[in-house]
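S.K.: Following this line is start.cif, made up of mmCIF, N, CA and C atoms:
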```
data_start
loop_
_atom_site.label_atom_id
_atom_site.label_comp_id
_atom_site.auth_asym_id
_atom_site.auth_seq_id
_atom_site.Cartn_x
_atom_site.Cartn_y
_atom_site.Cartn_z
N GLN A 1 0.85 -1.18 0.00
CA GLN A 1 0.00 0.00 0.00
C GLN A 1 0.89 1.24 0.00
N VAL A 2 0.45 2.26 -0.70
CA VAL A 2 1.25 3.46 -0.86
C VAL A 2 0.59 4.63 -0.13
N GLN A 3 1.41 5.47 0.46
CA GLN A 3 0.94 6.71 1.07
C GLN A 3 1.45 7.88 0.21
N LEU A 4 0.60 8.88 0.02
CA LEU A 4 0.92 9.99 -0.86
C LEU A 4 0.89 11.31 -0.10
N THR A 5 1.89 12.14 -0.34
CA THR A 5 1.96 13.43 0.33
C THR A 5 2.27 14.51 -0.70
N GLU A 6 1.32 15.45 -0.86
CA GLU A 6 1.50 16.53 -1.83
C GLU A 6 2.18 17.73 -1.17
N SER A 7 2.83 18.53 -1.99
CA SER A 7 3.42 19.79 -1.55
C SER A 7 3.57 20.70 -2.76
N GLY A 8 3.85 21.97 -2.50
CA GLY A 8 4.15 22.89 -3.58
C GLY A 8 3.05 23.87 -3.93
N GLY A 9 1.91 23.75 -3.27
CA GLY A 9 0.84 24.69 -3.56
C GLY A 9 1.16 26.07 -3.02
N GLY A 10 0.34 27.04 -3.39
CA GLY A 10 0.55 28.40 -2.92
C GLY A 10 -0.37 29.38 -3.60
N SER A 11 -0.16 30.65 -3.33
CA SER A 11 -0.94 31.73 -3.93
C SER A 11 -0.07 32.46 -4.93
N VAL A 12 -0.55 32.56 -6.16
CA VAL A 12 0.20 33.18 -7.24
C VAL A 12 -0.70 34.11 -8.03
N GLN A 13 -0.09 34.84 -8.97
CA GLN A 13 -0.82 35.72 -9.86
C GLN A 13 -1.08 35.02 -11.19
N THR A 14 -2.04 35.54 -11.92
CA THR A 14 -2.33 35.03 -13.27
C THR A 14 -1.06 35.07 -14.11
N GLY A 15 -0.79 33.96 -14.80
CA GLY A 15 0.39 33.86 -15.65
C GLY A 15 1.60 33.27 -14.98
N ASP A 16 1.56 33.14 -13.67
CA ASP A 16 2.68 32.56 -12.93
C ASP A 16 2.73 31.04 -13.10
N SER A 17 3.79 30.47 -12.53
CA SER A 17 3.99 29.02 -12.59
C SER A 17 4.14 28.45 -11.19
N LEU A 18 3.78 27.18 -11.06
CA LEU A 18 3.98 26.43 -9.83
C LEU A 18 4.32 25.00 -10.21
N ARG A 19 5.03 24.32 -9.33
CA ARG A 19 5.26 22.89 -9.51
C ARG A 19 4.82 22.17 -8.25
N LEU A 20 3.84 21.31 -8.41
CA LEU A 20 3.38 20.47 -7.32
C LEU A 20 4.17 19.17 -7.30
N SER A 21 4.39 18.67 -6.09
CA SER A 21 5.07 17.39 -5.93
C SER A 21 4.19 16.46 -5.11
N CYS A 22 4.32 15.18 -5.39
CA CYS A 22 3.60 14.17 -4.63
C CYS A 22 4.58 13.04 -4.36
N ALA A 23 4.95 12.92 -3.10
CA ALA A 23 5.91 11.88 -2.71
C ALA A 23 5.17 10.63 -2.28
N ALA A 24 5.60 9.51 -2.81
CA ALA A 24 5.01 8.22 -2.47
C ALA A 24 5.90 7.50 -1.46
N SER A 25 5.28 6.93 -0.44
CA SER A 25 6.02 6.15 0.54
C SER A 25 5.27 4.86 0.82
N GLY A 26 5.96 3.91 1.35
CA GLY A 26 5.33 2.63 1.66
C GLY A 26 5.40 1.65 0.50
N ASP A 27 5.67 2.16 -0.68
CA ASP A 27 5.83 1.33 -1.87
C ASP A 27 6.53 2.19 -2.90
N THR A 28 7.00 1.62 -3.96
CA THR A 28 7.75 2.39 -4.95
C THR A 28 6.83 2.93 -6.04
N ALA A 29 7.16 4.12 -6.53
CA ALA A 29 6.34 4.76 -7.56
C ALA A 29 6.32 3.94 -8.84
N THR A 30 7.33 3.11 -9.03
CA THR A 30 7.38 2.29 -10.24
C THR A 30 6.17 1.37 -10.33
N ASN A 31 5.62 1.02 -9.19
CA ASN A 31 4.51 0.07 -9.17
C ASN A 31 3.16 0.71 -9.44
N TYR A 32 3.13 2.02 -9.62
CA TYR A 32 1.86 2.72 -9.70
C TYR A 32 1.81 3.70 -10.87
N ALA A 33 0.63 3.81 -11.44
CA ALA A 33 0.31 4.95 -12.28
C ALA A 33 -0.21 6.04 -11.35
N MET A 34 0.06 7.28 -11.72
CA MET A 34 -0.27 8.40 -10.84
C MET A 34 -1.13 9.42 -11.58
N ALA A 35 -1.92 10.12 -10.82
CA ALA A 35 -2.79 11.13 -11.43
C ALA A 35 -2.92 12.33 -10.50
N TRP A 36 -3.28 13.44 -11.09
CA TRP A 36 -3.64 14.65 -10.34
C TRP A 36 -5.09 14.98 -10.62
N PHE A 37 -5.79 15.27 -9.55
CA PHE A 37 -7.16 15.77 -9.62
C PHE A 37 -7.19 17.13 -8.92
N ARG A 38 -8.26 17.87 -9.13
CA ARG A 38 -8.44 19.12 -8.40
C ARG A 38 -9.91 19.30 -8.06
N GLN A 39 -10.12 20.06 -7.01
CA GLN A 39 -11.48 20.32 -6.57
C GLN A 39 -11.60 21.76 -6.09
N ALA A 40 -12.43 22.51 -6.79
CA ALA A 40 -12.71 23.88 -6.41
C ALA A 40 -13.90 23.90 -5.45
N PRO A 41 -14.03 24.94 -4.62
CA PRO A 41 -15.15 25.00 -3.67
C PRO A 41 -16.49 24.87 -4.38
N GLY A 42 -17.32 23.98 -3.87
CA GLY A 42 -18.65 23.79 -4.43
C GLY A 42 -18.71 22.98 -5.70
N LYS A 43 -17.58 22.46 -6.12
CA LYS A 43 -17.54 21.68 -7.36
C LYS A 43 -17.06 20.27 -7.09
N GLU A 44 -17.31 19.38 -8.05
CA GLU A 44 -16.86 18.01 -7.93
C GLU A 44 -15.36 17.92 -8.22
N ARG A 45 -14.75 16.90 -7.69
CA ARG A 45 -13.34 16.65 -7.97
C ARG A 45 -13.20 16.28 -9.44
N GLU A 46 -12.26 16.91 -10.14
CA GLU A 46 -12.10 16.66 -11.57
C GLU A 46 -10.68 16.21 -11.90
N PHE A 47 -10.60 15.40 -12.93
CA PHE A 47 -9.32 14.89 -13.42
C PHE A 47 -8.52 16.02 -14.04
N VAL A 48 -7.21 16.03 -13.78
CA VAL A 48 -6.32 17.01 -14.39
C VAL A 48 -5.33 16.32 -15.33
N ALA A 49 -4.61 15.33 -14.82
CA ALA A 49 -3.58 14.68 -15.62
C ALA A 49 -3.25 13.32 -15.01
N ALA A 50 -2.69 12.45 -15.83
CA ALA A 50 -2.27 11.14 -15.35
C ALA A 50 -1.04 10.69 -16.12
N ILE A 51 -0.26 9.83 -15.49
CA ILE A 51 0.92 9.26 -16.12
C ILE A 51 0.94 7.76 -15.82
N SER A 52 1.29 6.97 -16.83
CA SER A 52 1.24 5.53 -16.68
C SER A 52 2.38 5.02 -15.80
N THR A 53 2.30 3.75 -15.44
CA THR A 53 3.22 3.15 -14.49
C THR A 53 4.68 3.33 -14.89
N LEU A 54 4.98 3.07 -16.14
CA LEU A 54 6.35 3.16 -16.62
C LEU A 54 6.64 4.48 -17.33
N ASN A 55 5.78 5.47 -17.10
CA ASN A 55 5.96 6.83 -17.64
C ASN A 55 5.87 6.90 -19.16
N THR A 56 5.26 5.91 -19.77
CA THR A 56 5.22 5.90 -21.23
C THR A 56 4.07 6.70 -21.80
N ASN A 57 3.03 6.89 -21.02
CA ASN A 57 1.85 7.61 -21.51
C ASN A 57 1.40 8.67 -20.52
N THR A 58 0.99 9.80 -21.06
CA THR A 58 0.42 10.86 -20.22
C THR A 58 -0.93 11.29 -20.79
N TYR A 59 -1.78 11.78 -19.93
CA TYR A 59 -3.13 12.18 -20.30
C TYR A 59 -3.44 13.49 -19.58
N TYR A 60 -4.19 14.37 -20.27
CA TYR A 60 -4.53 15.66 -19.70
C TYR A 60 -5.97 16.02 -20.00
N THR A 61 -6.58 16.74 -19.09
CA THR A 61 -7.86 17.32 -19.42
C THR A 61 -7.63 18.49 -20.37
N ASP A 62 -8.60 18.77 -21.22
CA ASP A 62 -8.40 19.75 -22.28
C ASP A 62 -8.01 21.12 -21.75
N SER A 63 -8.54 21.50 -20.61
CA SER A 63 -8.32 22.86 -20.12
C SER A 63 -6.88 23.14 -19.68
N VAL A 64 -6.08 22.08 -19.50
CA VAL A 64 -4.70 22.29 -19.06
C VAL A 64 -3.68 21.89 -20.11
N LYS A 65 -4.12 21.32 -21.21
CA LYS A 65 -3.19 20.90 -22.26
C LYS A 65 -2.35 22.09 -22.74
N GLY A 66 -1.06 21.87 -22.85
CA GLY A 66 -0.16 22.93 -23.28
C GLY A 66 0.32 23.83 -22.15
N ARG A 67 -0.32 23.72 -20.98
CA ARG A 67 0.08 24.55 -19.83
C ARG A 67 0.65 23.71 -18.69
N PHE A 68 0.09 22.52 -18.48
CA PHE A 68 0.51 21.65 -17.39
C PHE A 68 1.29 20.46 -17.93
N THR A 69 2.24 19.98 -17.16
CA THR A 69 3.00 18.79 -17.52
C THR A 69 3.10 17.88 -16.31
N ILE A 70 2.72 16.63 -16.48
CA ILE A 70 2.87 15.64 -15.42
C ILE A 70 4.12 14.82 -15.71
N SER A 71 4.87 14.54 -14.67
CA SER A 71 6.07 13.72 -14.82
C SER A 71 6.26 12.91 -13.56
N LYS A 72 6.99 11.83 -13.68
CA LYS A 72 7.21 10.96 -12.51
C LYS A 72 8.68 10.56 -12.48
N ASP A 73 9.31 10.76 -11.36
CA ASP A 73 10.69 10.33 -11.15
C ASP A 73 10.64 9.10 -10.27
N ASN A 74 10.78 7.95 -10.90
CA ASN A 74 10.67 6.70 -10.15
C ASN A 74 11.83 6.50 -9.18
N THR A 75 12.95 7.15 -9.42
CA THR A 75 14.09 7.02 -8.49
C THR A 75 13.83 7.78 -7.20
N LYS A 76 12.97 8.80 -7.28
CA LYS A 76 12.63 9.60 -6.10
C LYS A 76 11.23 9.29 -5.58
N ASN A 77 10.55 8.34 -6.21
CA ASN A 77 9.19 8.00 -5.80
C ASN A 77 8.30 9.23 -5.74
N THR A 78 8.44 10.09 -6.74
CA THR A 78 7.73 11.36 -6.72
C THR A 78 7.11 11.65 -8.09
N VAL A 79 5.89 12.15 -8.08
CA VAL A 79 5.23 12.62 -9.29
C VAL A 79 5.08 14.13 -9.18
N TYR A 80 5.23 14.80 -10.31
CA TYR A 80 5.19 16.26 -10.34
C TYR A 80 4.08 16.74 -11.26
N LEU A 81 3.58 17.91 -10.98
CA LEU A 81 2.68 18.60 -11.89
C LEU A 81 3.23 20.01 -12.06
N SER A 82 3.84 20.26 -13.22
CA SER A 82 4.36 21.59 -13.53
C SER A 82 3.25 22.39 -14.19
N MET A 83 2.94 23.51 -13.61
CA MET A 83 1.80 24.31 -14.07
C MET A 83 2.30 25.69 -14.50
N ASN A 84 2.10 25.99 -15.77
CA ASN A 84 2.49 27.28 -16.33
C ASN A 84 1.26 28.06 -16.76
N SER A 85 1.44 29.35 -16.94
CA SER A 85 0.36 30.22 -17.42
C SER A 85 -0.91 30.01 -16.61
N LEU A 86 -0.76 30.05 -15.32
CA LEU A 86 -1.89 29.78 -14.43
C LEU A 86 -2.98 30.83 -14.58
N LYS A 87 -4.21 30.36 -14.45
CA LYS A 87 -5.39 31.21 -14.58
C LYS A 87 -6.21 31.13 -13.29
N PRO A 88 -7.04 32.13 -13.03
CA PRO A 88 -7.88 32.06 -11.83
C PRO A 88 -8.74 30.81 -11.77
N GLU A 89 -9.16 30.30 -12.92
CA GLU A 89 -9.99 29.09 -12.93
C GLU A 89 -9.21 27.84 -12.56
N ASP A 90 -7.89 27.94 -12.42
CA ASP A 90 -7.09 26.82 -11.94
C ASP A 90 -7.10 26.75 -10.42
N THR A 91 -7.68 27.73 -9.76
CA THR A 91 -7.74 27.74 -8.31
C THR A 91 -8.53 26.55 -7.80
N ALA A 92 -7.89 25.76 -6.94
CA ALA A 92 -8.52 24.54 -6.41
C ALA A 92 -7.57 23.88 -5.42
N ALA A 93 -8.09 22.91 -4.70
CA ALA A 93 -7.24 21.99 -3.97
C ALA A 93 -6.83 20.89 -4.94
N TYR A 94 -5.53 20.63 -5.01
CA TYR A 94 -5.00 19.63 -5.94
C TYR A 94 -4.63 18.37 -5.17
N TYR A 95 -5.09 17.25 -5.69
CA TYR A 95 -4.89 15.96 -5.04
C TYR A 95 -4.12 15.02 -5.95
N CYS A 96 -3.22 14.29 -5.35
CA CYS A 96 -2.47 13.24 -6.02
C CYS A 96 -3.18 11.91 -5.77
N ALA A 97 -3.23 11.05 -6.78
CA ALA A 97 -3.87 9.75 -6.65
C ALA A 97 -3.00 8.69 -7.31
N ALA A 98 -3.16 7.45 -6.85
CA ALA A 98 -2.37 6.35 -7.40
C ALA A 98 -3.24 5.13 -7.64
N ILE A 99 -2.84 4.38 -8.65
CA ILE A 99 -3.50 3.13 -8.99
C ILE A 99 -2.46 2.21 -9.59
N ASP A 100 -2.66 0.89 -9.49
CA ASP A 100 -1.62 -0.01 -9.97
C ASP A 100 -1.44 0.09 -11.48
N ARG A 101 -2.53 0.38 -12.20
CA ARG A 101 -2.43 0.53 -13.65
C ARG A 101 -3.58 1.41 -14.13
N LEU A 102 -3.29 2.33 -15.04
CA LEU A 102 -4.35 3.19 -15.58
C LEU A 102 -5.33 2.36 -16.39
N SER A 103 -6.60 2.70 -16.23
CA SER A 103 -7.63 2.01 -17.00
C SER A 103 -7.55 2.39 -18.47
N THR A 104 -7.88 1.43 -19.33
CA THR A 104 -7.98 1.74 -20.76
C THR A 104 -9.28 2.45 -21.08
N SER A 105 -10.20 2.43 -20.13
CA SER A 105 -11.47 3.13 -20.30
C SER A 105 -11.28 4.60 -19.94
N LEU A 106 -11.61 5.48 -20.86
CA LEU A 106 -11.48 6.92 -20.61
C LEU A 106 -12.34 7.32 -19.41
N HIS A 107 -13.55 6.78 -19.35
CA HIS A 107 -14.45 7.15 -18.27
C HIS A 107 -13.86 6.77 -16.92
N ARG A 108 -13.31 5.59 -16.83
CA ARG A 108 -12.75 5.15 -15.55
C ARG A 108 -11.47 5.91 -15.23
N ARG A 109 -10.70 6.26 -16.23
CA ARG A 109 -9.46 6.98 -16.00
C ARG A 109 -9.74 8.37 -15.45
N LEU A 110 -10.86 8.97 -15.84
CA LEU A 110 -11.22 10.30 -15.39
C LEU A 110 -11.97 10.30 -14.07
N SER A 111 -12.39 9.15 -13.61
CA SER A 111 -13.26 9.08 -12.44
C SER A 111 -12.45 8.96 -11.15
N PRO A 112 -12.67 9.86 -10.19
CA PRO A 112 -11.94 9.77 -8.91
C PRO A 112 -12.15 8.43 -8.20
N GLY A 113 -13.32 7.86 -8.34
CA GLY A 113 -13.62 6.61 -7.65
C GLY A 113 -12.78 5.43 -8.11
N THR A 114 -12.12 5.58 -9.25
CA THR A 114 -11.29 4.50 -9.77
C THR A 114 -10.00 4.34 -8.99
N TYR A 115 -9.54 5.41 -8.35
CA TYR A 115 -8.22 5.45 -7.72
C TYR A 115 -8.32 5.13 -6.24
N PRO A 116 -7.61 4.11 -5.78
CA PRO A 116 -7.72 3.70 -4.38
C PRO A 116 -6.88 4.49 -3.40
N TYR A 117 -5.86 5.18 -3.89
CA TYR A 117 -4.94 5.86 -2.98
C TYR A 117 -4.92 7.35 -3.27
N TRP A 118 -4.97 8.14 -2.18
CA TRP A 118 -5.06 9.59 -2.31
C TRP A 118 -4.16 10.28 -1.30
N GLY A 119 -3.67 11.46 -1.70
CA GLY A 119 -3.00 12.33 -0.76
C GLY A 119 -4.00 13.26 -0.10
N GLN A 120 -3.48 14.15 0.76
CA GLN A 120 -4.34 15.02 1.55
C GLN A 120 -4.68 16.32 0.82
N GLY A 121 -3.98 16.61 -0.26
CA GLY A 121 -4.27 17.78 -1.07
C GLY A 121 -3.37 18.95 -0.74
N THR A 122 -3.19 19.82 -1.73
CA THR A 122 -2.45 21.07 -1.56
C THR A 122 -3.20 22.16 -2.31
N GLN A 123 -3.33 23.33 -1.70
CA GLN A 123 -4.15 24.40 -2.25
C GLN A 123 -3.36 25.25 -3.23
N VAL A 124 -3.99 25.52 -4.37
CA VAL A 124 -3.44 26.44 -5.36
C VAL A 124 -4.46 27.56 -5.55
N THR A 125 -4.02 28.79 -5.35
CA THR A 125 -4.89 29.94 -5.52
C THR A 125 -4.25 30.89 -6.52
N VAL A 126 -4.99 31.21 -7.58
CA VAL A 126 -4.49 32.09 -8.63
C VAL A 126 -5.36 33.33 -8.66
N SER A 127 -4.77 34.46 -8.42
CA SER A 127 -5.52 35.71 -8.40
C SER A 127 -5.24 36.51 -9.68
N SER A 128 -6.25 37.27 -10.07
CA SER A 128 -6.13 38.06 -11.31
C SER A 128 -5.52 39.43 -11.05
#
```
Translate this structure into structure tokens?

M.R.:
Amino acid sequence: QVQLTESGGGSVQTGDSLRLSCAASGDTATNYAMAWFRQAPGKEREFVAAISTLNTNTYYTDSVKGRFTISKDNTKNTVYLSMNSLKPEDTAAYYCAAIDRLSTSLHRRLSPGTYPYWGQGTQVTVSS
């Protein structure tokens, strides 16, 4: 079983950049595919990005394509979310999630309920 701890959130201005980190402990990151979700106040948790177990495939929600990059350093048991050109609509609590293998079903890959392991979240606030 893996434990996940996010860090790197903060308050920034529109157009700024942040890099979120999610450290995995209790098991190695190599054994897991990882994803980032976010949840804004009053809204459902939504998929942001995912990376496959061996880092061969990445997936993004349309609203972050070209601005966010997910990466995983298996030697450090850490997954990152590099966020550029941040917008106020990116404001949310960001959560790291893990699963042994990403689903081939798009619906399941985007669904928070598919992922058994979660971090506690880190807040990102983007002001205009």

S.K.: What is the distance, in Å and to one decimal place, between atom C of Asn55 (chain A) and CA of Leu18 (chain A)?

M.R.: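 Result for atom C of Asn55 (chain A) versus CA of Leu18 (chain A): 21.7 Å, one decimal.
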
S.K.: Just asking: which residues within chain A are helix (DSSP H, G or I) according to DSSP, as an MDAnalysis selection string?

M.R.: chainID A and resid 29:31 62:64 88:90 106:110 112:114

S.K.: Which residues fall under the PyMOL selection byres ((chain A and resi 101) around 8) in this file, as an mmCIF file with N, CA and C atoms, keeping the file's coordinate frame?

M.R.:
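File written: selection_37.cif
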```cif
data_model
loop_
_atom_site.group_PDB
_atom_site.id
_atom_site.type_symbol
_atom_site.label_atom_id
_atom_site.label_comp_id
_atom_site.auth_asym_id
_atom_site.auth_seq_id
_atom_site.Cartn_x
_atom_site.Cartn_y
_atom_site.Cartn_z
ATOM 1 N N ASN A 31 5.620 1.020 -9.190
ATOM 2 C CA ASN A 31 4.510 0.070 -9.170
ATOM 3 C C ASN A 31 3.160 0.710 -9.440
ATOM 4 N N TYR A 32 3.130 2.020 -9.620
ATOM 5 C CA TYR A 32 1.860 2.720 -9.700
ATOM 6 C C TYR A 32 1.810 3.700 -10.870
ATOM 7 N N ALA A 33 0.630 3.810 -11.440
ATOM 8 C CA ALA A 33 0.310 4.950 -12.280
ATOM 9 C C ALA A 33 -0.210 6.040 -11.350
ATOM 10 N N MET A 34 0.060 7.280 -11.720
ATOM 11 C CA MET A 34 -0.270 8.400 -10.840
ATOM 12 C C MET A 34 -1.130 9.420 -11.580
ATOM 13 N N ILE A 51 -0.260 9.830 -15.490
ATOM 14 C CA ILE A 51 0.920 9.260 -16.120
ATOM 15 C C ILE A 51 0.940 7.760 -15.820
ATOM 16 N N SER A 52 1.290 6.970 -16.830
ATOM 17 C CA SER A 52 1.240 5.530 -16.680
ATOM 18 C C SER A 52 2.380 5.020 -15.800
ATOM 19 N N THR A 53 2.300 3.750 -15.440
ATOM 20 C CA THR A 53 3.220 3.150 -14.490
ATOM 21 C C THR A 53 4.680 3.330 -14.890
ATOM 22 N N ALA A 98 -3.160 7.450 -6.850
ATOM 23 C CA ALA A 98 -2.370 6.350 -7.400
ATOM 24 C C ALA A 98 -3.240 5.130 -7.640
ATOM 25 N N ILE A 99 -2.840 4.380 -8.650
ATOM 26 C CA ILE A 99 -3.500 3.130 -8.990
ATOM 27 C C ILE A 99 -2.460 2.210 -9.590
ATOM 28 N N ASP A 100 -2.660 0.890 -9.490
ATOM 29 C CA ASP A 100 -1.620 -0.010 -9.970
ATOM 30 C C ASP A 100 -1.440 0.090 -11.480
ATOM 31 N N LEU A 102 -3.290 2.330 -15.040
ATOM 32 C CA LEU A 102 -4.350 3.190 -15.580
ATOM 33 C C LEU A 102 -5.330 2.360 -16.390
ATOM 34 N N SER A 103 -6.600 2.700 -16.230
ATOM 35 C CA SER A 103 -7.630 2.010 -17.000
ATOM 36 C C SER A 103 -7.550 2.390 -18.470
ATOM 37 N N THR A 104 -7.880 1.430 -19.330
ATOM 38 C CA THR A 104 -7.980 1.740 -20.760
ATOM 39 C C THR A 104 -9.280 2.450 -21.080
#
```

S.K.: So that I can see what lies close to Ala92 (chain A), please list as a PyMOL selection string the residues with an atom at most 8 Å from it, counting only C-alpha atoms and leaving out residues fewer than 2 positions away in the same chain.

M.R.: chain A and resi 38-41+90+94+123-125

S.K.: Enumerate, as a list in words, the protein, DNA and RNA residues whose atoms approach (-11.2, 14.8, -9.1) to within 7 Å, taking into account only N, CA and C atoms and the coordinate frame of the file.

M.R.: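 The requested residues, written out, are Trp36, Phe37, Arg38, Gln39, Glu44, Arg45, Glu46, Phe47, Val48, Leu110, Ser111 and Pro112 of chain A.
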
S.K.: Go ahead and dump the residues you just picked, N, CA and C atoms, as a PDB file, in the frame of the given file.

M.R.:
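The file below, out_23.pdb, is the result:
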```pdb
ATOM      1  N   TRP A  36      -3.280  13.440 -11.090  1.00  0.00           N
ATOM      2  CA  TRP A  36      -3.640  14.650 -10.340  1.00  0.00           C
ATOM      3  C   TRP A  36      -5.090  14.980 -10.620  1.00  0.00           C
ATOM      4  N   PHE A  37      -5.790  15.270  -9.550  1.00  0.00           N
ATOM      5  CA  PHE A  37      -7.160  15.770  -9.620  1.00  0.00           C
ATOM      6  C   PHE A  37      -7.190  17.130  -8.920  1.00  0.00           C
ATOM      7  N   ARG A  38      -8.260  17.870  -9.130  1.00  0.00           N
ATOM      8  CA  ARG A  38      -8.440  19.120  -8.400  1.00  0.00           C
ATOM      9  C   ARG A  38      -9.910  19.300  -8.060  1.00  0.00           C
ATOM     10  N   GLN A  39     -10.120  20.060  -7.010  1.00  0.00           N
ATOM     11  CA  GLN A  39     -11.480  20.320  -6.570  1.00  0.00           C
ATOM     12  C   GLN A  39     -11.600  21.760  -6.090  1.00  0.00           C
ATOM     13  N   GLU A  44     -17.310  19.380  -8.050  1.00  0.00           N
ATOM     14  CA  GLU A  44     -16.860  18.010  -7.930  1.00  0.00           C
ATOM     15  C   GLU A  44     -15.360  17.920  -8.220  1.00  0.00           C
ATOM     16  N   ARG A  45     -14.750  16.900  -7.690  1.00  0.00           N
ATOM     17  CA  ARG A  45     -13.340  16.650  -7.970  1.00  0.00           C
ATOM     18  C   ARG A  45     -13.200  16.280  -9.440  1.00  0.00           C
ATOM     19  N   GLU A  46     -12.260  16.910 -10.140  1.00  0.00           N
ATOM     20  CA  GLU A  46     -12.100  16.660 -11.570  1.00  0.00           C
ATOM     21  C   GLU A  46     -10.680  16.210 -11.900  1.00  0.00           C
ATOM     22  N   PHE A  47     -10.600  15.400 -12.930  1.00  0.00           N
ATOM     23  CA  PHE A  47      -9.320  14.890 -13.420  1.00  0.00           C
ATOM     24  C   PHE A  47      -8.520  16.020 -14.040  1.00  0.00           C
ATOM     25  N   VAL A  48      -7.210  16.030 -13.780  1.00  0.00           N
ATOM     26  CA  VAL A  48      -6.320  17.010 -14.390  1.00  0.00           C
ATOM     27  C   VAL A  48      -5.330  16.320 -15.330  1.00  0.00           C
ATOM     28  N   LEU A 110     -10.860   8.970 -15.840  1.00  0.00           N
ATOM     29  CA  LEU A 110     -11.220  10.300 -15.390  1.00  0.00           C
ATOM     30  C   LEU A 110     -11.970  10.300 -14.070  1.00  0.00           C
ATOM     31  N   SER A 111     -12.390   9.150 -13.610  1.00  0.00           N
ATOM     32  CA  SER A 111     -13.260   9.080 -12.440  1.00  0.00           C
ATOM     33  C   SER A 111     -12.450   8.960 -11.150  1.00  0.00           C
ATOM     34  N   PRO A 112     -12.670   9.860 -10.190  1.00  0.00           N
ATOM     35  CA  PRO A 112     -11.940   9.770  -8.910  1.00  0.00           C
ATOM     36  C   PRO A 112     -12.150   8.430  -8.200  1.00  0.00           C
TER      37      PRO A 112
END
```

S.K.: Under the PyMOL selection byres ((chain A and resi 61-63) around 5), which residues of this model are included? Write them out as a ChimeraX atom specification.

M.R.: /A:48-49,59-60,64-65

S.K.: May I have the residues from that selection written out with N, CA and C atoms, as a PDB file, in the coordinates of the input?

M.R.:
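So out36.pdb came out as:
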```pdb
ATOM      1  N   VAL A  48      -7.210  16.030 -13.780  1.00  0.00           N
ATOM      2  CA  VAL A  48      -6.320  17.010 -14.390  1.00  0.00           C
ATOM      3  C   VAL A  48      -5.330  16.320 -15.330  1.00  0.00           C
ATOM      4  N   ALA A  49      -4.610  15.330 -14.820  1.00  0.00           N
ATOM      5  CA  ALA A  49      -3.580  14.680 -15.620  1.00  0.00           C
ATOM      6  C   ALA A  49      -3.250  13.320 -15.010  1.00  0.00           C
ATOM      7  N   TYR A  59      -1.780  11.780 -19.930  1.00  0.00           N
ATOM      8  CA  TYR A  59      -3.130  12.180 -20.300  1.00  0.00           C
ATOM      9  C   TYR A  59      -3.440  13.490 -19.580  1.00  0.00           C
ATOM     10  N   TYR A  60      -4.190  14.370 -20.270  1.00  0.00           N
ATOM     11  CA  TYR A  60      -4.530  15.660 -19.700  1.00  0.00           C
ATOM     12  C   TYR A  60      -5.970  16.020 -20.000  1.00  0.00           C
ATOM     13  N   VAL A  64      -6.080  22.080 -19.500  1.00  0.00           N
ATOM     14  CA  VAL A  64      -4.700  22.290 -19.060  1.00  0.00           C
ATOM     15  C   VAL A  64      -3.680  21.890 -20.110  1.00  0.00           C
ATOM     16  N   LYS A  65      -4.120  21.320 -21.210  1.00  0.00           N
ATOM     17  CA  LYS A  65      -3.190  20.900 -22.260  1.00  0.00           C
ATOM     18  C   LYS A  65      -2.350  22.090 -22.740  1.00  0.00           C
TER      19      LYS A  65
END
```

S.K.: Do you know which residues the PyMOL selection byres (((chain A and resi 16 and name CA) around 9) and name CA) returns on this file, as JSON, numbers by chain?

M.R.: {"A": [12, 13, 14, 15, 17, 18, 83, 84, 85, 86, 87, 126]}

S.K.: Atoms to include: N, CA and C atoms. Write the selected residues as a CSV table (one decimal), in the coordinates of the input.

M.R.:
```
chain,number,residue,atom,x,y,z
A,12,VAL,N,-0.6,32.6,-6.2
A,12,VAL,CA,0.2,33.2,-7.2
A,12,VAL,C,-0.7,34.1,-8.0
A,13,GLN,N,-0.1,34.8,-9.0
A,13,GLN,CA,-0.8,35.7,-9.9
A,13,GLN,C,-1.1,35.0,-11.2
A,14,THR,N,-2.0,35.5,-11.9
A,14,THR,CA,-2.3,35.0,-13.3
A,14,THR,C,-1.1,35.1,-14.1
A,15,GLY,N,-0.8,34.0,-14.8
A,15,GLY,CA,0.4,33.9,-15.6
A,15,GLY,C,1.6,33.3,-15.0
A,17,SER,N,3.8,30.5,-12.5
A,17,SER,CA,4.0,29.0,-12.6
A,17,SER,C,4.1,28.4,-11.2
A,18,LEU,N,3.8,27.2,-11.1
A,18,LEU,CA,4.0,26.4,-9.8
A,18,LEU,C,4.3,25.0,-10.2
A,83,MET,N,2.9,23.5,-13.6
A,83,MET,CA,1.8,24.3,-14.1
A,83,MET,C,2.3,25.7,-14.5
A,84,ASN,N,2.1,26.0,-15.8
A,84,ASN,CA,2.5,27.3,-16.3
A,84,ASN,C,1.3,28.1,-16.8
A,85,SER,N,1.4,29.4,-16.9
A,85,SER,CA,0.4,30.2,-17.4
A,85,SER,C,-0.9,30.0,-16.6
A,86,LEU,N,-0.8,30.0,-15.3
A,86,LEU,CA,-1.9,29.8,-14.4
A,86,LEU,C,-3.0,30.8,-14.6
A,87,LYS,N,-4.2,30.4,-14.4
A,87,LYS,CA,-5.4,31.2,-14.6
A,87,LYS,C,-6.2,31.1,-13.3
A,126,VAL,N,-5.0,31.2,-7.6
A,126,VAL,CA,-4.5,32.1,-8.6
A,126,VAL,C,-5.4,33.3,-8.7
```

S.K.: With only C-alpha atoms as the atoms that count, which of A:Tyr117, A:Gly42, A:Ser82, A:Ser105 lies nearest to Asp27 (chain A)?

M.R.: A:Tyr117

S.K.: If you count only C-alpha atoms, which residues fall within 8 Å of Gly119 (chain A), apart from same-chain ones fewer than 5 positions away, as a PyMOL selection string?

M.R.: chain A and resi 3-6+22+95-97

S.K.: Taking only C-alpha atoms into account, name the residue in A:Tyr80, A:Leu54, A:Ser127, A:Trp118 that is nearest to Gln1 (chain A).

M.R.: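 Nearest to Gln1 (chain A): A:Trp118.
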
S.K.: Between A:Ala93, A:Arg108, A:Thr114, A:Lys76, which one has atoms that come closest to Ala23 (chain A), using only N, CA and C atoms?

M.R.: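 The answer is A:Lys76, which sits nearest to Ala23 (chain A).
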